[in-house]
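Notes follow the structure.
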Amino acid sequence: MFWETQPVGQYKDMENMDLLPEGVIEPPQDVSQVRQEPYNLPSSYEWCTCDVNSNETMKEIYNLLTNNYVEDDDNMFRFDYSVEFLRWALKPPGYYSDWHIGVRVKGSKKLVAFITGVPAHIRVRDKVVVMTEINFLCVHKKLRSKRLAPVLIKEVTRRVHLQNIWQAAYTAGVVLPTPIATCQYWHRSLNPKKLIEVGFSRLGARLTMSRTIKLYRLPEEPATQGFRAMESRDVPAVTRLLQEYLMQFAVAPYFTDNDVEHWLLPVENVVDSFVVENPSSHEITDFCSFYTLPSTVIGNEHYSVLKAAYSYYNVATSTPLLQLMNDTLIVAKQKDYDVFNALDIMQNESFLKELKFGPGDGHLHYYLYNYRIKGPLKPSELGLVLL
Ligand SMILES: CCCCCCCCCCCCCC(=O)CSCCNC(=O)CCNC(=O)[C@H](O)C(C)(C)COP(=O)(O)OP(=O)(O)OC[C@H]1O[C@@H](n2cnc3c(N)ncnc32)[C@H](O)[C@@H]1OP(=O)(O)O
Ligand SMILES: CN(C)Cc1n[nH]c2ccc(-c3ccc(F)cc3OCCn3ccnc3)cc12
């Protein structure tokens, strides 16, 4: 079993788990000891480093993912990350282009597999650890179950080690050794008619379509005075607000102004963020944000795409979180999203039911690589959102 060979929490450690200390599992090696040559691929494949600044390469990555990436359990929807979204996700401050790893068929040069890492500062309890966030692991449907994933994982691990980084964070819908937390995702209908048409939702037993539309109707405009889109000038205030807020969670990113500028300034059709500016003091008191991740609707005759917004980071210090999140739903509806998704992490549980979110049909598991924590953590102890 591949994961038994890796420095991650092992099932066999479970009984004396609480005796093992929290922290690094395997001490760092000297970078000069790290394997210099790439891992072996089956003979007809070759490694490539994907240049995310190349439109042609981005189109190849987009096509691989849109046809072969994560589907829901019923294979009705598949994530449809856009090229702009992927560029945003893969080029944060300090990114390494050789952590954008592809596998091509030697002859045709067809891109058939992919895995990425981006650098991040992640605080685990009271320690800030330089990590890589691993994402977009994908093997073409025609090349599944050939043990390509372990090779991709070992290769990205090797390249991360070469930068003297020894820990990672990742999430997955599948259970692997060993989750540090298991979260549930929830959905808030914005366009119930379309959601029922594509089979995402079902008409409630005692509800007609018109009563369902009425149930999810939202006001035309946000209720909060001073609610507006975030701008560059707000970066220092948002960084302070967010850093302070995230301290309450056991695992959370450590965001500098630079990080906030990249991850939270609005990018059209990628990430939207809003602040509440007190009309008299002009103080920034609250913040909310969501990212745009459509899903392909697999095999529906009327619709091909589900437009979904995903709750990102939200901080409420003077507006009630319930009201702030309702304003977020209102803006998402204004921008024609069909559904608004949220995990039960951070303080999200406090608004999910009241704002008419319904539970999703799966879980998202959080993982750390080469770092042990006494756990598992409750979702409300997590302050980290991975794309
Ligand atoms: C210090 C730096 C460290 C950096 C690295 C940190 C670790 C990063 C870890 C990566 C984090 C990614 C995070 C991320 O991207 C977000 S999770 C999304 C993963 N991608 C998808 O689900 C897309 C659709 N599926 C596929 O493309 C394939 O099914 C994949 C590629 C998933 C597996 O390809 P395959 O053709 O179906 O399978 P084989 O090649 O034959 O390999 C089977 C082995 O792969 C293990 N497996 C399966 N799914 C996995 C998953 N999601 N994570 C980790 N491992 C996974 C599984 O346990 C099995 O091992 P075992 O049988 O021995 O148990
Ligand atoms: C996080 N990031 C690593 C992508 C990723 N990988 N695996 C996943 C499994 C679930 C979710 C998820 C996270 C939040 C959410 F509200 C709904 C979700 O999935 C719904 C089911 N689904 C899957 C595809 N289309 C619809 C994301 C992911």
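Following the order of the structure tokens, first chain is A, next is B, and so on, with residues numbered from 1 inside each chain and ligands from 1 in the order they appear.
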Nearby residues, ligand 1, 8 Å, only C-alpha atoms and all ligand atoms, as a VMD selection string: chain A and resid 1 to 4 65 68 to 71 113 115 to 117 131 to 141 143 to 151 153 to 154 156 to 158 160 to 161 165 to 174 176 368 to 370
What residues in region 211-293 of chain A get the DSSP label strand (DSSP E or B)? Please answer as a list in words.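 Across region 211-293 of chain A, those assigned strand (DSSP E or B) are Phe227, Arg228, Ala229, Val251, Ala252, Pro253, Val267, Val271, Asp272, Ser273, Phe274, Val275, Val276, Glu277, Ile284, Thr285, Asp286, Phe287, Cys288, Ser289, Phe290, Tyr291 and Thr292 of chain A.
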Produce a table with one row for each residue of chain A that has an atom at most 7 Å from any atom of ligand 2, each row naming the nearest atom pair and its distance in Å at one decimal; use only C-alpha atoms and all ligand atoms; arrange rows by chain and rising residue number; format as a Markdown table.
| residue | atom | partner | partner_atom_place_in_ligand_line | distance |
| --- | --- | --- | --- | --- |
| A:Val70 | CA | ligand 2 | 24 (C) | 5.0 |
| A:Glu71 | CA | ligand 2 | 24 (C) | 4.0 |
| A:Asp72 | CA | ligand 2 | 23 (C) | 3.8 |
| A:Phe77 | CA | ligand 2 | 25 (N) | 4.9 |
| A:Arg78 | CA | ligand 2 | 25 (N) | 4.7 |
| A:Phe79 | CA | ligand 2 | 25 (N) | 5.0 |
| A:Asn135 | CA | ligand 2 | 3 (C) | 5.8 |
| A:Tyr170 | CA | ligand 2 | 3 (C) | 6.8 |
| A:Thr171 | CA | ligand 2 | 3 (C) | 5.0 |
| A:Ala172 | CA | ligand 2 | 7 (N) | 4.4 |
| A:Gly173 | CA | ligand 2 | 9 (C) | 4.0 |
| A:Tyr185 | CA | ligand 2 | 16 (F) | 4.4 |
| A:Trp186 | CA | ligand 2 | 16 (F) | 5.7 |
| A:His187 | CA | ligand 2 | 16 (F) | 6.4 |
| A:Ser295 | CA | ligand 2 | 25 (N) | 5.8 |
| A:Tyr310 | CA | ligand 2 | 16 (F) | 6.3 |
| A:Asn341 | CA | ligand 2 | 16 (F) | 4.2 |
| A:Ala342 | CA | ligand 2 | 16 (F) | 4.8 |
| A:Leu343 | CA | ligand 2 | 16 (F) | 5.7 |
| A:Gly360 | CA | ligand 2 | 20 (C) | 7.0 |
| A:Gly362 | CA | ligand 2 | 21 (C) | 6.8 |
| A:His363 | CA | ligand 2 | 10 (C) | 6.5 |
| A:Leu364 | CA | ligand 2 | 10 (C) | 5.4 |
| A:Leu386 | CA | ligand 2 | 1 (C) | 5.3 |
| A:Leu387 | CA | ligand 2 | 1 (C) | 4.8 |
Which residue out of A:Phe249, A:Tyr254, A:Phe227, A:Tyr216 has the minimum interatomic distance to Glu283 (chain A) when only C-alpha atoms are used?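 Of the candidates, the smallest distance to Glu283 (chain A) is held by A:Phe227.
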Select, from A:Ser210, A:Ser380, A:Ser289, A:Ser44, the residue with the minimum atom-to-atom distance to Val271 (chain A), counting only C-alpha atoms.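 Closest candidate: A:Ser289.
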Hey, which of A:Ala308, A:Val112, A:Ile180, A:Leu152 ends up closest to Gly9 (chain A)? Count only C-alpha atoms.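 Once distances to Gly9 (chain A) are computed over only C-alpha atoms, the minimum belongs to A:Ile180.
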Distance query Val103 (chain A) at most 7 Å, only C-alpha atoms, self and fewer than 4 positions along chain excluded, as a compact mmCIF listing (two decimals) with N, CA and C atoms, in the first residue's frame:
# COMPACT_ATOMS: atom_id res chain seq x y z
N TYR A 45 5.93 7.27 -21.47
CA TYR A 45 5.55 8.59 -20.91
C TYR A 45 6.78 9.37 -20.50
N GLU A 46 6.61 10.69 -20.44
CA GLU A 46 7.71 11.56 -20.00
C GLU A 46 7.18 12.68 -19.13
N TRP A 47 8.05 13.16 -18.23
CA TRP A 47 7.70 14.30 -17.38
C TRP A 47 7.73 15.58 -18.19
N CYS A 48 6.91 16.54 -17.80
CA CYS A 48 7.09 17.89 -18.31
C CYS A 48 6.74 18.88 -17.22
N LEU A 111 -0.96 15.57 -23.01
CA LEU A 111 -0.91 15.69 -21.55
C LEU A 111 -1.91 14.70 -20.97
N VAL A 112 -1.42 13.75 -20.18
CA VAL A 112 -2.29 12.69 -19.64
C VAL A 112 -2.32 12.64 -18.12
N ALA A 113 -1.50 13.45 -17.46
CA ALA A 113 -1.55 13.46 -15.99
C ALA A 113 -0.97 14.76 -15.47
N PHE A 114 -1.29 15.11 -14.23
CA PHE A 114 -0.93 16.43 -13.70
C PHE A 114 -0.93 16.37 -12.18
DSSP on the backbone, then: every residue of region 101-298 of chain A marked alpha helix (DSSP H), written as an MDAnalysis selection string. chainID A and resid 148:161 192:197 209:215 235:246 257:264
Choose the residue, out of A:Glu26, A:Asp327, A:Asp259, A:Glu244, that has the smallest atom-to-atom separation from Pro119 (chain A); count only C-alpha atoms.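 When distances to Pro119 (chain A) are compared using only C-alpha atoms, the smallest one comes from A:Asp259.
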Non-local contacts of Arg159 (chain A) (10 Å; only C-alpha atoms; under 6 positions in same chain excluded) as a PyMOL selection string: chain A and resi 34-38+96+98-99+101+117+165
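With only C-alpha atoms as the atoms that count, the minimum distance from Ser304 (chain A) to the choices A:Asp80, A:Glu15, A:Asp73, A:Val24 is reached by A:Asp80.
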Nearest candidate to Lys91 (chain A) (options A:Gln29, A:Asn314, A:Ser43, A:Asn53; using only C-alpha atoms):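 Looking at the shortest contact to Lys91 (chain A), the residue is A:Asn53.
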Considering only C-alpha atoms, return as a list in words whatever protein or nucleic-acid residues lie within 12 Å of Val128 (chain A), sequence-local ones (same chain, fewer than 2 positions apart) excluded. Gly23, Ala120, His121, Ile122, Arg123, Val124, Arg125, Asp126, Val130, Met131, Gln167, Met247, Ala250, Val251, Ala252, Pro253, Tyr254 and Phe255 of chain A
Hey, can you spit out that residue selection with N, CA and C atoms as a tab-separated table (two decimals), in the first residue's frame?
chain	number	residue	atom	x	y	z
A	23	GLY	N	3.78	17.13	15.76
A	23	GLY	CA	4.88	17.79	15.05
A	23	GLY	C	5.43	16.97	13.93
A	120	ALA	N	3.04	27.70	0.89
A	120	ALA	CA	2.11	28.38	1.80
A	120	ALA	C	2.69	28.33	3.21
A	121	HIS	N	2.36	29.36	3.96
A	121	HIS	CA	2.69	29.32	5.40
A	121	HIS	C	1.43	28.86	6.13
A	122	ILE	N	1.51	27.68	6.77
A	122	ILE	CA	0.34	27.15	7.47
A	122	ILE	C	0.67	27.09	8.96
A	123	ARG	N	-0.17	27.69	9.78
A	123	ARG	CA	0.02	27.59	11.23
A	123	ARG	C	-0.69	26.34	11.69
A	124	VAL	N	0.01	25.49	12.45
A	124	VAL	CA	-0.60	24.32	13.10
A	124	VAL	C	-0.46	24.58	14.60
A	125	ARG	N	-1.58	24.87	15.23
A	125	ARG	CA	-1.61	25.32	16.63
A	125	ARG	C	-0.69	26.53	16.77
A	126	ASP	N	0.43	26.43	17.49
A	126	ASP	CA	1.21	27.65	17.71
A	126	ASP	C	2.46	27.71	16.84
A	130	VAL	N	6.37	26.23	6.99
A	130	VAL	CA	6.41	26.44	5.53
A	130	VAL	C	6.02	25.12	4.89
A	131	MET	N	4.94	25.13	4.11
A	131	MET	CA	4.45	23.89	3.51
A	131	MET	C	4.24	24.08	2.02
A	167	GLN	N	6.92	19.58	4.58
A	167	GLN	CA	5.54	19.33	4.98
A	167	GLN	C	4.59	19.72	3.86
A	247	MET	N	-6.60	33.28	14.10
A	247	MET	CA	-5.84	32.79	15.25
A	247	MET	C	-6.63	31.80	16.11
A	250	ALA	N	-7.13	25.81	14.94
A	250	ALA	CA	-5.93	25.00	15.17
A	250	ALA	C	-5.05	24.92	13.92
A	251	VAL	N	-5.68	24.91	12.75
A	251	VAL	CA	-4.93	24.88	11.48
A	251	VAL	C	-5.48	26.01	10.61
A	252	ALA	N	-4.60	26.90	10.17
A	252	ALA	CA	-5.04	28.04	9.36
A	252	ALA	C	-3.86	28.60	8.58
A	253	PRO	N	-4.12	29.28	7.47
A	253	PRO	CA	-3.02	29.91	6.74
A	253	PRO	C	-2.52	31.11	7.50
A	254	TYR	N	-1.25	31.45	7.29
A	254	TYR	CA	-0.68	32.69	7.81
A	254	TYR	C	-0.56	33.62	6.60
A	255	PHE	N	-1.43	34.62	6.50
A	255	PHE	CA	-1.49	35.50	5.32
A	255	PHE	C	-0.77	36.82	5.57
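Put simply, CA of Arg104 (chain A) is 11.8 Å away from CA of Thr57 (chain A).
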Taking 4 positions as the minimum chain separation for residues in the same chain, which residues sit within 9 Å of His282 (chain A) when counting only C-alpha atoms? Answer as a list in words.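 Counting only C-alpha atoms, the residues come to Gly226, Glu277 and Asn278 of chain A.
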Could you tell me how far CA of Tyr303 (chain A) lies from CA of Phe340 (chain A), in Å and to one decimal? 17.8 Å
Separation of CA of Pro177 (chain A) from CA of Leu19 (chain A) in Å: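 CA of Leu19 (chain A) sits 18.0 Å away from CA of Pro177 (chain A).
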